[in-house]
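**Q** Sharing a structure, written as structure tokens. Questions coming.
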Amino acid sequence: MSGTRNTAARTAPARRPALVVGAGGLIGRALCERMRAAGTEFVAATRDTPPLVRPDGTPAAALRTAGVVHHLATSVTPGLAETRPEHVAADHETFVRMLDALSTVENPPLVVLTSTGLTVSESGDGLPCAEDAQALPKSAYARAKLALERELLSRAPLVPGMVLRMTNVYGPGHALRGGYGVVAHWLAAAAEGRPLELWGDPDTTRDYLYVDDAAAALAGLGPEAADLPFEVVNIASGEATTLGRLLGVIREVTDRELTVRLRPARGFDQPANLLDVDRAHRFLGWRARTPLAVGLERTWRALTGAGAAR
């Protein structure tokens with residue numbers, strides 16, 4: 001998958017509201033907050049809102065009239081993808097059903113799929129991967145995300161789409177889910193006086209992206225993004241951080257004595273997950289603004305009630 005596309009101009013629709021699918025999640029909440037502050041019209045869809053696709057397969061009004069659909073909803077984590085394939089299948093079916101419904105719309109919205117850099121950057125060589133790198137998914141989670149990417153991009157030009165591959169997003173309100181979100185798990189353990197569990201090698205390298213920076217990348221995309229000369233863009237801080245360094249910064253931020261338990265690497269753990277962010281800088285004018293220590297301090301303060309989260 002090259003991640004580039006033909007740039008034949010589309011007729012720009014009148015400004016229509018954005019639709020945030022998965023508005024109750026970490027990134028979805030931050031995106032809605034940012035758009036609300038900017039006065040951007042949007043519709044928030046959560047598990048509790050009516051289905052976006054009717055039983056007959058046609059799109060509900062919120063889906064049909066959107067200018068951009070931010071698809072953030074998922075029930076799959078790296079850990080769950082390995083043990084609960086039915087969740088992977090359900091996520092895939094829901095996404096395909098939405099795309100099929102949109103294919104019946106005369107002027108469909110731009111669908112922005114939030115994916116993961118793990119689809120391409122699990123090679124283990126420690127180098128940042130550009131968007132056109134060969135897909136090398138080595139885990140069930142990465143394969144599931146890559147399958148969603150391909151479903152979306154195969155619909156072009158009938159349904160315009162863009163994939164945002166993000167690294168490890170963290171921030172205030174990150175729910176604790178098994179096998180997912182080392183920052184959330186470590187900060188929660190520190191707050192509760194429990195040992196922090198470090199799975200695998202302390203030299204394992206990741207890129208940690210503060211949630212407000214992730215939301216800013218999404219909020220900057222309008223229907224006109226369908227005319228950009230690519231379909232995939234990496235969204236990351238551009239800073240390589242080992243688990244050992246992350247632990248050190250958390251010690252500084254929390255100012256607490258921390259006990260660490262070393263655990264063996266899991267099947268879905270990889271030595272490095274780094275993305276090249278040049279395309280986001282050059283074409284979207286976006287870059288991460290929040291240093292790791294600042295983001296961790298904001299997350300810690302939100303968790304412990306020690307001050308404002310942002």
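Scheme for the structure tokens: letters A, B, ... for chains in order shown; per-chain residue numbers from 1; ligand numbers from 1 in order shown.
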Residues within 12 Å of A:His87, please, as a list in words. Count only C-alpha atoms; anything in the same chain fewer than 5 positions from it doesn't count.
**A**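 The residues satisfying every condition are Thr74, Ser75, Val76, Thr77, Pro78, Gly79, Leu80, Ala81, Glu82, His92, Glu93, Thr94, Ala140, Tyr141 and Ala144 of chain A.
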**Q** Put those residues in a file: C-alpha atoms, as a tab-separated table (two decimals), in the first residue's frame.
**A**
```
chain	number	residue	atom	x	y	z
A	74	THR	CA	-12.70	0.22	18.84
A	75	SER	CA	-13.19	-2.63	21.28
A	76	VAL	CA	-9.75	-4.13	20.60
A	77	THR	CA	-6.45	-3.66	22.44
A	78	PRO	CA	-3.16	-5.44	21.65
A	79	GLY	CA	-3.87	-7.92	24.42
A	80	LEU	CA	-7.51	-8.55	23.50
A	81	ALA	CA	-6.71	-8.98	19.81
A	82	GLU	CA	-4.57	-12.00	20.68
A	92	HIS	CA	-14.18	-5.08	11.22
A	93	GLU	CA	-17.82	-5.83	10.41
A	94	THR	CA	-19.00	-2.55	11.97
A	140	ALA	CA	-3.12	-9.72	15.80
A	141	TYR	CA	-3.76	-6.10	16.78
A	144	ALA	CA	-6.59	-6.00	12.51
```
**Q** Output as a Markdown table one row per residue of stretch 178-235 of chain A within 7 Å of stretch 280-288 of chain A: the closest atom pair and its distance in Å to one decimal place, counting only C-alpha atoms, sorted by chain and residue number ascending.
**A**
```
| residue | atom | partner | partner_atom | distance |
| --- | --- | --- | --- | --- |
| A:Asp213 | CA | A:Ala288 | CA | 5.4 |
| A:Ala217 | CA | A:Trp286 | CA | 6.3 |
| A:Val233 | CA | A:Ala280 | CA | 6.2 |
| A:Asn234 | CA | A:Ala280 | CA | 6.5 |
| A:Ile235 | CA | A:Ala280 | CA | 6.8 |
```
**Q** Write out as a ChimeraX atom specification which residues come within 12 Å of A:Arg251 when counting only C-alpha atoms, dropping same-chain ones fewer than 4 positions away.
**A** /A:186-187,189-191,196,244-247,255-260,293,296-297,300
**Q** From the DSSP assignment of the backbone, select every residue of stretch 138-257 of chain A that is strand (DSSP E), and format the answer as number ranges by chain.
**A** A: 161-166, 168-170, 196-199, 205-206, 208-210, 232-235, 241-242
**Q** Using N, CA, C and O atoms, can you export the residues from the last selection as a short mmCIF file (atom, residue, chain, number, x, y, z; two decimals), in the first residue's frame?
**A**
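Generated file (selection.cif):
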```cif
data_model
loop_
_atom_site.label_atom_id
_atom_site.label_comp_id
_atom_site.auth_asym_id
_atom_site.auth_seq_id
_atom_site.Cartn_x
_atom_site.Cartn_y
_atom_site.Cartn_z
N GLY A 161 -11.05 8.68 1.83
CA GLY A 161 -10.56 8.25 3.13
C GLY A 161 -9.14 8.69 3.40
O GLY A 161 -8.36 8.95 2.47
N MET A 162 -8.81 8.80 4.67
CA MET A 162 -7.46 9.08 5.10
C MET A 162 -7.17 8.28 6.36
O MET A 162 -8.04 8.15 7.24
N VAL A 163 -5.96 7.74 6.45
CA VAL A 163 -5.53 6.97 7.60
C VAL A 163 -4.51 7.78 8.38
O VAL A 163 -3.53 8.27 7.81
N LEU A 164 -4.73 7.95 9.68
CA LEU A 164 -3.76 8.56 10.57
C LEU A 164 -3.18 7.47 11.46
O LEU A 164 -3.88 6.92 12.31
N ARG A 165 -1.92 7.13 11.20
CA ARG A 165 -1.25 6.13 12.02
C ARG A 165 -0.60 6.82 13.21
O ARG A 165 0.31 7.62 13.05
N MET A 166 -1.07 6.50 14.39
CA MET A 166 -0.58 7.15 15.61
C MET A 166 0.27 6.19 16.43
O MET A 166 0.13 4.97 16.35
N ASN A 168 1.87 5.70 20.57
CA ASN A 168 1.23 5.43 21.86
C ASN A 168 0.65 6.72 22.46
O ASN A 168 1.39 7.55 23.01
N VAL A 169 -0.66 6.87 22.34
CA VAL A 169 -1.33 8.07 22.83
C VAL A 169 -1.65 7.91 24.31
O VAL A 169 -2.14 6.87 24.75
N TYR A 170 -1.37 8.95 25.09
CA TYR A 170 -1.63 8.92 26.52
C TYR A 170 -2.19 10.27 26.94
O TYR A 170 -2.13 11.26 26.20
N LEU A 196 5.04 -1.16 39.85
CA LEU A 196 4.88 -0.96 38.42
C LEU A 196 5.42 -2.19 37.70
O LEU A 196 6.51 -2.68 38.04
N GLU A 197 4.67 -2.70 36.77
CA GLU A 197 5.09 -3.89 36.03
C GLU A 197 5.72 -3.48 34.70
O GLU A 197 5.08 -2.85 33.87
N LEU A 198 6.97 -3.85 34.50
CA LEU A 198 7.69 -3.55 33.27
C LEU A 198 7.82 -4.85 32.48
O LEU A 198 8.55 -5.76 32.87
N TRP A 199 7.09 -4.92 31.38
CA TRP A 199 7.06 -6.12 30.56
C TRP A 199 8.16 -6.06 29.51
O TRP A 199 8.24 -5.12 28.73
N THR A 205 11.78 0.51 22.80
CA THR A 205 11.65 1.91 22.41
C THR A 205 10.29 2.21 21.82
O THR A 205 9.81 1.49 20.95
N ARG A 206 9.69 3.29 22.29
CA ARG A 206 8.38 3.71 21.83
C ARG A 206 8.38 5.22 21.60
O ARG A 206 9.31 5.93 21.95
N TYR A 208 5.76 8.31 22.53
CA TYR A 208 4.57 8.61 23.33
C TYR A 208 4.01 9.97 22.92
O TYR A 208 4.71 10.98 22.94
N LEU A 209 2.74 9.97 22.54
CA LEU A 209 2.08 11.15 21.99
C LEU A 209 0.99 11.62 22.94
O LEU A 209 0.06 10.86 23.27
N TYR A 210 1.08 12.87 23.39
CA TYR A 210 0.07 13.42 24.31
C TYR A 210 -1.25 13.60 23.58
O TYR A 210 -1.30 14.00 22.41
N VAL A 232 -2.28 8.23 3.65
CA VAL A 232 -1.80 7.78 4.96
C VAL A 232 -0.82 8.82 5.49
O VAL A 232 0.03 9.33 4.75
N VAL A 233 -0.95 9.15 6.77
CA VAL A 233 -0.01 10.10 7.39
C VAL A 233 0.28 9.64 8.82
O VAL A 233 -0.61 9.19 9.54
N ASN A 234 1.54 9.71 9.19
CA ASN A 234 1.97 9.34 10.54
C ASN A 234 1.79 10.51 11.50
O ASN A 234 2.14 11.65 11.17
N ILE A 235 1.29 10.21 12.68
CA ILE A 235 1.12 11.21 13.73
C ILE A 235 1.84 10.70 14.97
O ILE A 235 1.42 9.71 15.58
N THR A 241 11.69 7.01 22.95
CA THR A 241 11.77 6.92 24.41
C THR A 241 11.79 5.46 24.83
O THR A 241 10.87 4.71 24.49
N THR A 242 12.81 5.04 25.55
CA THR A 242 12.84 3.68 26.06
C THR A 242 11.93 3.56 27.29
O THR A 242 11.61 4.56 27.94
#
```
**Q** Where in stretch 109-279 of chain A does DSSP assign helix (DSSP H, G or I), given as a ChimeraX atom specification?
**A** /A:117-119,140-153,182-192,211-219,223-227,243-254,278-279
**Q** Can you tell me, as a ChimeraX atom specification, what residues are no more than 8 Å from stretch 57-71 of chain A when counting only C-alpha atoms, ignoring any on the same chain fewer than 4 positions away?
**A** /A:13,15-22,43,51-53,97-98,100-102,104-105,108-114,218,221-223
**Q** Can you list every residue of stretch 180-291 of chain A that has an atom at most 7 Å from stretch 27-36 of chain A, with its nearest atom pair and the distance in Å to one decimal, using only C-alpha atoms, ordered by chain then number, as JSON lines?
**A**
```
{"residue": "A:Val211", "atom": "CA", "partner": "A:Ile27", "partner_atom": "CA", "distance": 6.0}
{"residue": "A:Asp212", "atom": "CA", "partner": "A:Ala30", "partner_atom": "CA", "distance": 6.2}
{"residue": "A:Ala215", "atom": "CA", "partner": "A:Leu31", "partner_atom": "CA", "distance": 4.7}
{"residue": "A:Ala219", "atom": "CA", "partner": "A:Leu31", "partner_atom": "CA", "distance": 6.6}
```
**Q** Could you tell me how far atom CA of A:Glu149 lies from atom CA of A:Ser115, in Å and to one decimal?
**A**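 Interatomic distance here is 7.4 Å.
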**Q** Would you please work out which residue, of A:Thr83, A:Thr49, A:Thr304, A:Ser103, is nearest to A:Ser154 when using only C-alpha atoms?
**A**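 Among A:Thr83, A:Thr49, A:Thr304, A:Ser103, it is A:Ser103 that comes nearest to A:Ser154.
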**Q** In terms of the shortest atom-to-atom distance over only C-alpha atoms, which of A:Ala44, A:Ala226, A:Leu243, A:Ala147 is closest to A:Leu72?
**A**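 Smallest separation from A:Leu72 among the options: A:Ala44.
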**Q** Between atom CA of A:Gly238 and atom CA of A:Pro128, what is the distance in Å, rounded to a tenth?
**A**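 Separating atom CA of A:Gly238 from atom CA of A:Pro128 is a distance of 8.4 Å.
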**Q** For a quick check of understanding, using only C-alpha atoms, which of A:Arg263, A:His174, A:Arg143, A:Arg54 has the smallest distance to A:Gly25?
**A**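 Among the listed residues, the smallest separation from A:Gly25 belongs to A:His174.
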**Q** Atom CA of A:Arg289 and atom CA of A:Ser237, how far apart in Å?
**A**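 Result for atom CA of A:Ser237 versus atom CA of A:Arg289: 8.0 Å, one decimal.
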**Q** Looking at A:Leu158, A:Val253, A:Ala38, A:Leu262, which one is nearest to A:Glu106, with distances taken over only C-alpha atoms?
**A**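 Of A:Leu158, A:Val253, A:Ala38, A:Leu262, the one nearest A:Glu106, counting only C-alpha atoms, is A:Leu158.
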